[in-house]
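**Student:** File follows, entry.tsv with TSV, C-alpha atoms:
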```tsv
chain	number	residue	atom	x	y	z
A	635	MET	CA	11.18	-4.69	-13.38
A	636	LYS	CA	11.46	-1.80	-15.84
A	637	TRP	CA	8.21	-0.35	-17.06
A	638	PRO	CA	8.02	0.96	-20.60
A	639	PRO	CA	6.78	4.54	-21.21
A	640	ILE	CA	3.06	4.79	-20.53
A	641	ASP	CA	1.62	5.64	-23.92
A	642	ASP	CA	-1.79	4.78	-25.36
A	643	GLY	CA	-0.62	1.40	-26.61
A	644	PHE	CA	0.76	0.39	-23.23
A	645	ARG	CA	-2.35	1.71	-21.49
A	646	ARG	CA	-4.55	-0.44	-23.72
A	647	THR	CA	-2.34	-3.48	-23.17
A	648	MET	CA	-2.31	-3.06	-19.41
A	649	TRP	CA	-6.05	-2.41	-19.21
A	650	GLN	CA	-6.69	-5.66	-21.04
A	651	ALA	CA	-4.01	-7.59	-19.16
A	652	THR	CA	-5.23	-6.47	-15.73
A	653	LEU	CA	-8.89	-7.04	-16.59
A	654	ASN	CA	-7.96	-10.60	-17.53
A	655	LEU	CA	-5.27	-10.91	-14.81
A	656	ASP	CA	-3.11	-12.23	-17.59
A	657	SER	CA	-0.08	-13.73	-15.90
A	658	GLN	CA	1.66	-14.06	-19.27
A	659	ARG	CA	2.32	-10.32	-18.99
A	660	PRO	CA	5.40	-9.88	-16.80
A	661	GLU	CA	3.94	-6.76	-15.11
A	662	VAL	CA	0.76	-8.59	-14.08
A	663	ALA	CA	2.64	-11.72	-13.01
A	664	SER	CA	4.97	-9.59	-10.89
A	665	MET	CA	2.07	-7.76	-9.19
A	666	LEU	CA	0.16	-10.97	-8.49
A	667	SER	CA	3.21	-12.66	-7.01
A	668	ALA	CA	3.87	-9.53	-4.89
A	669	LEU	CA	0.39	-9.90	-3.40
A	670	GLU	CA	1.04	-13.56	-2.66
A	671	ARG	CA	4.25	-12.55	-0.88
A	672	VAL	CA	2.26	-10.25	1.41
A	673	ASP	CA	0.74	-13.24	3.19
A	674	LYS	CA	4.18	-14.66	3.90
A	675	VAL	CA	5.53	-11.45	5.41
A	676	GLU	CA	2.41	-10.68	7.45
A	677	PRO	CA	2.82	-13.12	10.37
A	678	TRP	CA	6.19	-11.60	11.28
A	679	VAL	CA	4.83	-8.06	11.20
A	680	LEU	CA	1.74	-8.93	13.20
A	681	ARG	CA	3.78	-10.77	15.85
A	682	ALA	CA	6.10	-7.78	16.16
A	683	SER	CA	3.14	-5.36	16.55
A	684	LEU	CA	1.48	-7.49	19.20
A	685	ARG	CA	4.63	-7.96	21.26
A	686	ALA	CA	5.44	-4.29	21.08
A	687	LEU	CA	1.95	-3.39	22.30
A	688	VAL	CA	2.09	-5.85	25.16
A	689	LEU	CA	5.58	-5.09	26.35
A	690	VAL	CA	6.05	-1.35	25.98
A	691	PRO	CA	4.08	1.41	27.72
A	692	ARG	CA	1.94	3.24	25.17
A	693	VAL	CA	3.40	6.60	26.10
A	694	ASP	CA	6.90	5.59	25.07
A	695	PRO	CA	7.72	7.61	21.93
A	696	ARG	CA	9.75	4.70	20.60
A	697	LEU	CA	6.63	2.56	20.60
A	698	GLN	CA	4.78	5.22	18.60
A	699	ARG	CA	7.65	5.30	16.17
A	700	LEU	CA	7.72	1.53	15.94
A	701	MET	CA	3.98	1.31	15.33
A	702	ASN	CA	4.15	4.03	12.70
A	703	LEU	CA	6.87	2.15	10.85
A	704	LEU	CA	5.01	-1.14	11.14
A	705	HIS	CA	1.89	0.43	9.63
A	706	LEU	CA	3.91	1.89	6.78
A	707	TYR	CA	5.72	-1.39	6.30
A	708	ARG	CA	2.46	-3.35	6.11
A	709	ALA	CA	1.10	-0.83	3.62
A	710	SER	CA	4.26	-0.81	1.51
A	711	TRP	CA	3.82	-4.44	0.49
A	712	ARG	CA	0.41	-3.67	-0.97
A	713	VAL	CA	0.84	-0.28	-2.59
A	714	THR	CA	2.73	-1.34	-5.70
A	715	PRO	CA	0.68	-4.37	-6.76
A	716	LEU	CA	-2.67	-2.75	-5.98
A	717	CYS	CA	-1.75	0.45	-7.80
A	718	GLY	CA	-0.44	-1.51	-10.73
A	719	LEU	CA	-3.56	-3.65	-11.01
A	720	THR	CA	-6.18	-0.93	-10.58
A	721	MET	CA	-4.73	2.26	-12.09
A	722	TRP	CA	-5.80	1.29	-15.62
A	723	HIS	CA	-9.47	1.17	-14.67
A	724	GLU	CA	-10.26	4.76	-13.87
A	725	GLU	CA	-11.65	5.72	-17.27
A	726	ALA	CA	-13.09	2.61	-18.91
A	727	THR	CA	-15.22	1.91	-15.83
A	728	ARG	CA	-17.09	5.18	-16.40
A	729	TYR	CA	-17.29	5.72	-20.15
A	730	GLN	CA	-16.41	4.12	-23.44
A	731	THR	CA	-12.76	4.61	-24.36
A	732	GLU	CA	-10.99	3.50	-27.51
A	733	TYR	CA	-9.86	0.32	-25.77
A	734	GLY	CA	-12.93	-0.58	-23.73
A	735	GLY	CA	-15.81	0.58	-21.59
A	736	PRO	CA	-18.15	-0.29	-18.71
A	737	SER	CA	-19.78	-3.14	-20.65
A	738	ASP	CA	-16.47	-5.05	-20.57
A	739	TYR	CA	-16.68	-5.49	-16.81
A	740	VAL	CA	-18.71	-8.68	-16.68
A	741	SER	CA	-18.87	-11.32	-13.97
A	742	THR	CA	-16.71	-13.80	-15.89
A	743	LYS	CA	-13.70	-11.52	-16.20
A	744	PRO	CA	-10.87	-12.58	-13.88
A	745	LEU	CA	-10.61	-9.11	-12.34
A	746	ILE	CA	-14.27	-9.35	-11.33
A	747	VAL	CA	-13.91	-12.95	-10.19
A	748	GLU	CA	-10.97	-11.97	-7.94
A	749	PHE	CA	-12.51	-8.65	-6.93
A	750	CYS	CA	-13.17	-9.54	-3.29
A	751	THR	CA	-9.61	-10.77	-2.79
A	752	LEU	CA	-8.22	-7.55	-4.20
A	753	ALA	CA	-10.65	-5.53	-2.09
A	754	LYS	CA	-9.42	-7.32	1.04
A	755	TYR	CA	-5.85	-6.35	0.27
A	756	ALA	CA	-7.03	-2.81	-0.43
A	757	GLU	CA	-8.92	-2.68	2.89
A	758	VAL	CA	-5.77	-3.58	4.79
A	759	LEU	CA	-3.77	-1.03	2.77
A	760	SER	CA	-6.23	1.76	3.50
A	761	ASN	CA	-6.50	0.85	7.21
A	762	GLU	CA	-2.74	0.76	7.66
A	763	VAL	CA	-2.24	4.07	5.85
A	764	GLU	CA	-5.01	5.64	7.93
A	765	LYS	CA	-3.39	4.46	11.17
A	766	ALA	CA	0.04	5.68	10.04
A	767	ALA	CA	-1.39	9.05	9.03
A	768	SER	CA	-3.35	9.45	12.28
A	769	LEU	CA	-0.27	8.58	14.33
A	770	ALA	CA	1.90	10.95	12.32
A	771	HIS	CA	-0.67	13.73	12.71
A	772	ALA	CA	-1.08	13.16	16.46
A	773	THR	CA	2.67	13.09	16.99
A	774	ARG	CA	3.05	16.38	15.20
A	775	ALA	CA	0.20	17.93	17.15
A	776	THR	CA	1.67	17.07	20.56
B	1	MET	CA	13.15	10.87	18.93
B	2	HIS	CA	12.49	11.58	15.29
B	3	TYR	CA	10.29	9.93	12.76
B	4	ARG	CA	12.48	9.71	9.73
B	5	PHE	CA	9.61	9.47	7.29
B	6	VAL	CA	7.23	11.78	9.08
B	7	GLU	CA	9.41	14.61	10.26
B	8	ALA	CA	11.08	14.69	6.87
B	9	VAL	CA	7.78	15.71	5.30
B	10	SER	CA	5.90	18.93	5.95
B	11	ALA	CA	2.97	19.37	8.31
B	12	GLU	CA	0.90	20.20	5.23
B	13	ALA	CA	1.78	16.84	3.68
B	14	VAL	CA	0.79	14.99	6.85
B	15	SER	CA	-2.54	16.83	7.08
B	16	LEU	CA	-3.26	16.15	3.42
B	17	ALA	CA	-2.28	12.49	3.86
B	18	LEU	CA	-4.68	12.19	6.78
B	19	GLY	CA	-7.47	13.66	4.65
B	20	TYR	CA	-6.94	11.12	1.87
B	21	ALA	CA	-6.38	8.27	4.30
B	22	LYS	CA	-9.68	8.91	6.06
B	23	VAL	CA	-11.72	8.81	2.83
B	24	ALA	CA	-10.05	5.78	1.23
B	25	PRO	CA	-11.65	3.09	3.46
B	26	SER	CA	-15.15	4.31	2.58
B	27	ASP	CA	-14.32	4.18	-1.15
B	28	ILE	CA	-13.33	0.55	-0.72
B	29	GLU	CA	-16.44	-0.18	1.32
B	30	ALA	CA	-18.53	1.44	-1.42
B	31	ALA	CA	-16.74	-0.76	-3.96
B	32	LEU	CA	-17.76	-3.89	-2.06
B	33	VAL	CA	-21.39	-2.72	-1.78
B	34	LEU	CA	-21.49	-2.02	-5.53
B	35	TYR	CA	-19.92	-5.40	-6.22
B	36	ARG	CA	-22.57	-7.18	-4.18
B	37	HIS	CA	-25.18	-5.40	-6.32
B	38	GLU	CA	-23.37	-6.62	-9.45
B	39	LEU	CA	-22.47	-3.08	-10.48
B	40	TYR	CA	-19.03	-4.24	-11.56
B	41	PRO	CA	-17.63	-1.25	-13.46
B	42	GLN	CA	-18.68	1.09	-10.67
B	43	ALA	CA	-17.21	-1.30	-8.09
B	44	CYS	CA	-13.89	-1.34	-9.96
B	45	TYR	CA	-13.94	2.44	-10.18
B	46	PHE	CA	-14.39	2.87	-6.43
B	47	LEU	CA	-11.75	0.25	-5.70
B	48	GLN	CA	-9.34	2.15	-7.95
B	49	GLN	CA	-10.24	5.42	-6.22
B	50	GLY	CA	-9.70	3.92	-2.77
B	51	VAL	CA	-6.32	2.50	-3.77
B	52	GLU	CA	-5.33	5.81	-5.36
B	53	LYS	CA	-6.20	7.80	-2.22
B	54	SER	CA	-4.31	5.36	-0.01
B	55	SER	CA	-1.35	5.49	-2.38
B	56	LYS	CA	-1.37	9.29	-2.36
B	57	ALA	CA	-1.49	9.32	1.44
B	58	PHE	CA	1.29	6.74	1.59
B	59	GLY	CA	3.42	8.73	-0.88
B	60	LEU	CA	2.88	11.90	1.16
B	61	LEU	CA	3.82	10.16	4.41
B	62	ILE	CA	7.06	8.73	3.10
B	63	GLY	CA	7.93	11.90	1.22
B	64	THR	CA	7.97	10.57	-2.33
B	65	MET	CA	4.95	12.71	-3.25
B	66	LYS	CA	4.63	16.45	-2.70
B	67	PRO	CA	1.33	18.05	-1.62
B	68	GLU	CA	1.05	19.94	-4.91
B	69	GLU	CA	1.43	16.68	-6.85
B	70	ALA	CA	-1.15	14.93	-4.70
B	71	ARG	CA	-3.74	17.69	-5.16
B	72	LYS	CA	-3.62	17.35	-8.91
B	73	GLU	CA	-5.20	14.46	-10.72
B	74	VAL	CA	-2.56	11.83	-10.08
B	75	SER	CA	-0.91	10.98	-13.34
B	76	HIS	CA	0.33	7.51	-14.10
B	77	ASP	CA	3.80	9.00	-14.06
B	78	SER	CA	3.56	10.12	-10.46
B	79	LEU	CA	2.24	6.70	-9.42
B	80	LYS	CA	5.08	5.18	-11.39
B	81	SER	CA	7.51	7.42	-9.52
B	82	LEU	CA	6.03	6.28	-6.21
B	83	VAL	CA	6.43	2.66	-7.25
B	84	LEU	CA	9.99	3.14	-8.48
B	85	HIS	CA	11.17	4.79	-5.25
B	86	LEU	CA	9.40	2.35	-3.00
B	87	PRO	CA	12.18	-0.26	-2.70
B	88	GLU	CA	14.62	2.33	-1.32
B	89	VAL	CA	12.09	3.63	1.17
B	90	VAL	CA	11.09	0.14	2.27
B	91	ASP	CA	14.74	-0.74	2.80
B	92	ASP	CA	15.11	2.27	5.09
B	93	VAL	CA	11.92	1.39	6.96
B	94	LYS	CA	13.18	-2.15	7.43
B	95	LYS	CA	16.54	-0.99	8.79
B	96	GLU	CA	14.92	1.43	11.22
B	97	LEU	CA	12.42	-1.21	12.32
B	98	ALA	CA	15.23	-3.68	12.92
B	99	ASP	CA	17.05	-1.13	15.12
B	100	LEU	CA	13.92	-0.40	17.13
B	101	LEU	CA	13.10	-4.04	17.58
B	102	GLU	CA	16.63	-4.73	18.74
B	103	TRP	CA	16.25	-1.97	21.33
B	104	LEU	CA	12.95	-3.46	22.42
B	105	GLY	CA	14.47	-6.93	22.76
B	106	GLY	CA	17.34	-5.64	24.90
B	107	ASN	CA	15.09	-3.40	26.96
B	108	THR	CA	12.84	-6.20	28.09
B	109	HIS	CA	15.67	-8.68	28.73
B	110	LEU	CA	13.74	-11.24	26.81
B	111	ALA	CA	14.66	-12.88	23.59
B	112	ILE	CA	11.29	-11.86	22.25
B	113	PHE	CA	12.53	-10.57	18.97
B	114	SER	CA	14.50	-13.54	17.91
B	115	GLN	CA	13.17	-12.83	14.43
B	116	VAL	CA	15.24	-9.67	14.28
B	117	GLY	CA	18.22	-11.66	13.15
B	118	SER	CA	16.28	-12.97	10.21
B	119	PHE	CA	14.65	-9.64	9.45
B	120	PRO	CA	14.61	-9.04	5.73
B	121	THR	CA	17.05	-6.32	4.82
B	122	SER	CA	17.53	-7.33	1.22
B	123	ARG	CA	15.14	-6.15	-1.43
B	124	LYS	CA	15.01	-9.65	-2.78
B	125	TYR	CA	12.34	-11.73	-1.12
B	126	ASN	CA	13.63	-14.73	0.75
B	127	PRO	CA	11.04	-17.32	1.80
B	128	SER	CA	13.05	-18.23	4.90
B	129	TRP	CA	12.18	-14.88	6.55
B	130	ASN	CA	9.10	-16.26	8.13
B	131	ARG	CA	10.38	-19.62	9.22
```
Take the structure in this file and express it as structure tokens.

**Tutor:**
Amino acid sequence: MKWPPIDDGFRRTMWQATLNLDSQRPEVASMLSALERVDKVEPWVLRASLRALVLVPRVDPRLQRLMNLLHLYRASWRVTPLCGLTMWHEEATRYQTEYGGPSDYVSTKPLIVEFCTLAKYAEVLSNEVEKAASLAHATRAT
Amino acid sequence: MHYRFVEAVSAEAVSLALGYAKVAPSDIEAALVLYRHELYPQACYFLQQGVEKSSKAFGLLIGTMKPEEARKEVSHDSLKSLVLHLPEVVDDVKKELADLLEWLGGNTHLAIFSQVGSFPTSRKYNPSWNR
């Protein structure tokens, strides 16, 4: 999907579209379907992680490499849709902008209704990135 | 043994990534606490911040973001750049994972990674991957 240049008009459109999780917008539809896809890919990744942990000694560098890649892989499925859905809400959540402000974030808005689902995806993203970063750091340190 | 995506980036990038990655989970936890208290705009702000920190760390780890870019206020353009380069990086990760899993399958003399054959190497999602 090609994104148009991010100017004020597009920013306003995307802020509104993501606040309303408007699936008529191709960008929002694409990000929502990407998150749905995550759940279909996950079982394979989790099975691979578990088997690797059970079958390979932890000191084997190839296992560390495998786990690092699995963490990055799990994270990669979430980065794009979560970034795309949340990046428009850095300013209007704090102060009034020309397109909206904090008072627009009410309990009936779809973004707020689906907040916990998005937060769950974000929790997995942050945990996977943290594990990948810790592993990368430890590998460099040794 | 080399980490393609880790050794390709500098030690500085890895340290910076670890810094962001360690803070991101608490931003997301704060978002959930604020949400439970019905402070919705603040909750959305912290969720966005948590996702941004994780994205920065991820970009640093795979080498699509430089430390100097990450230290600045991340512009929409740099996030866009991360998103645009992601398919190529994910393809490489998938190929390397498939190689490692093949090694693991052969090493254990067990057909444990029968899924390797159906491992997704195309950028296009195919629902049969997980069957």

**Student:** So the first atom is CA of Lys66 (chain B) and the second is CA of Ser760 (chain A); what is the distance between them in Å, to one decimal place?

**Tutor:**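 Pair CA of Lys66 (chain B) / CA of Ser760 (chain A) returns 19.3 Å.
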
**Student:** Calculate how many Å separate CA of Val23 (chain B) from CA of Val763 (chain A), rounding to one decimal.

**Tutor:**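 CA of Val23 (chain B) sits 11.0 Å away from CA of Val763 (chain A).
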
**Student:** Could you tell me which residues of chain A sit within 8 Å of chain B when counting all atoms listed in the file, and give me the result as a VMD selection string?

**Tutor:** chain A and resid 640 674 to 675 677 to 678 682 685 to 686 689 695 to 696 699 to 700 703 to 704 706 to 707 709 to 710 713 to 714 716 to 717 720 to 721 723 to 724 727 to 728 736 to 737 739 to 741 746 750 753 756 to 757 759 to 761 763 to 764 767 to 768 770 to 771 774

**Student:** CA of Arg708 (chain A) and CA of Val758 (chain A) are how many Å apart?

**Tutor:**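 Rounded to one decimal, the two atoms are 8.3 Å apart.
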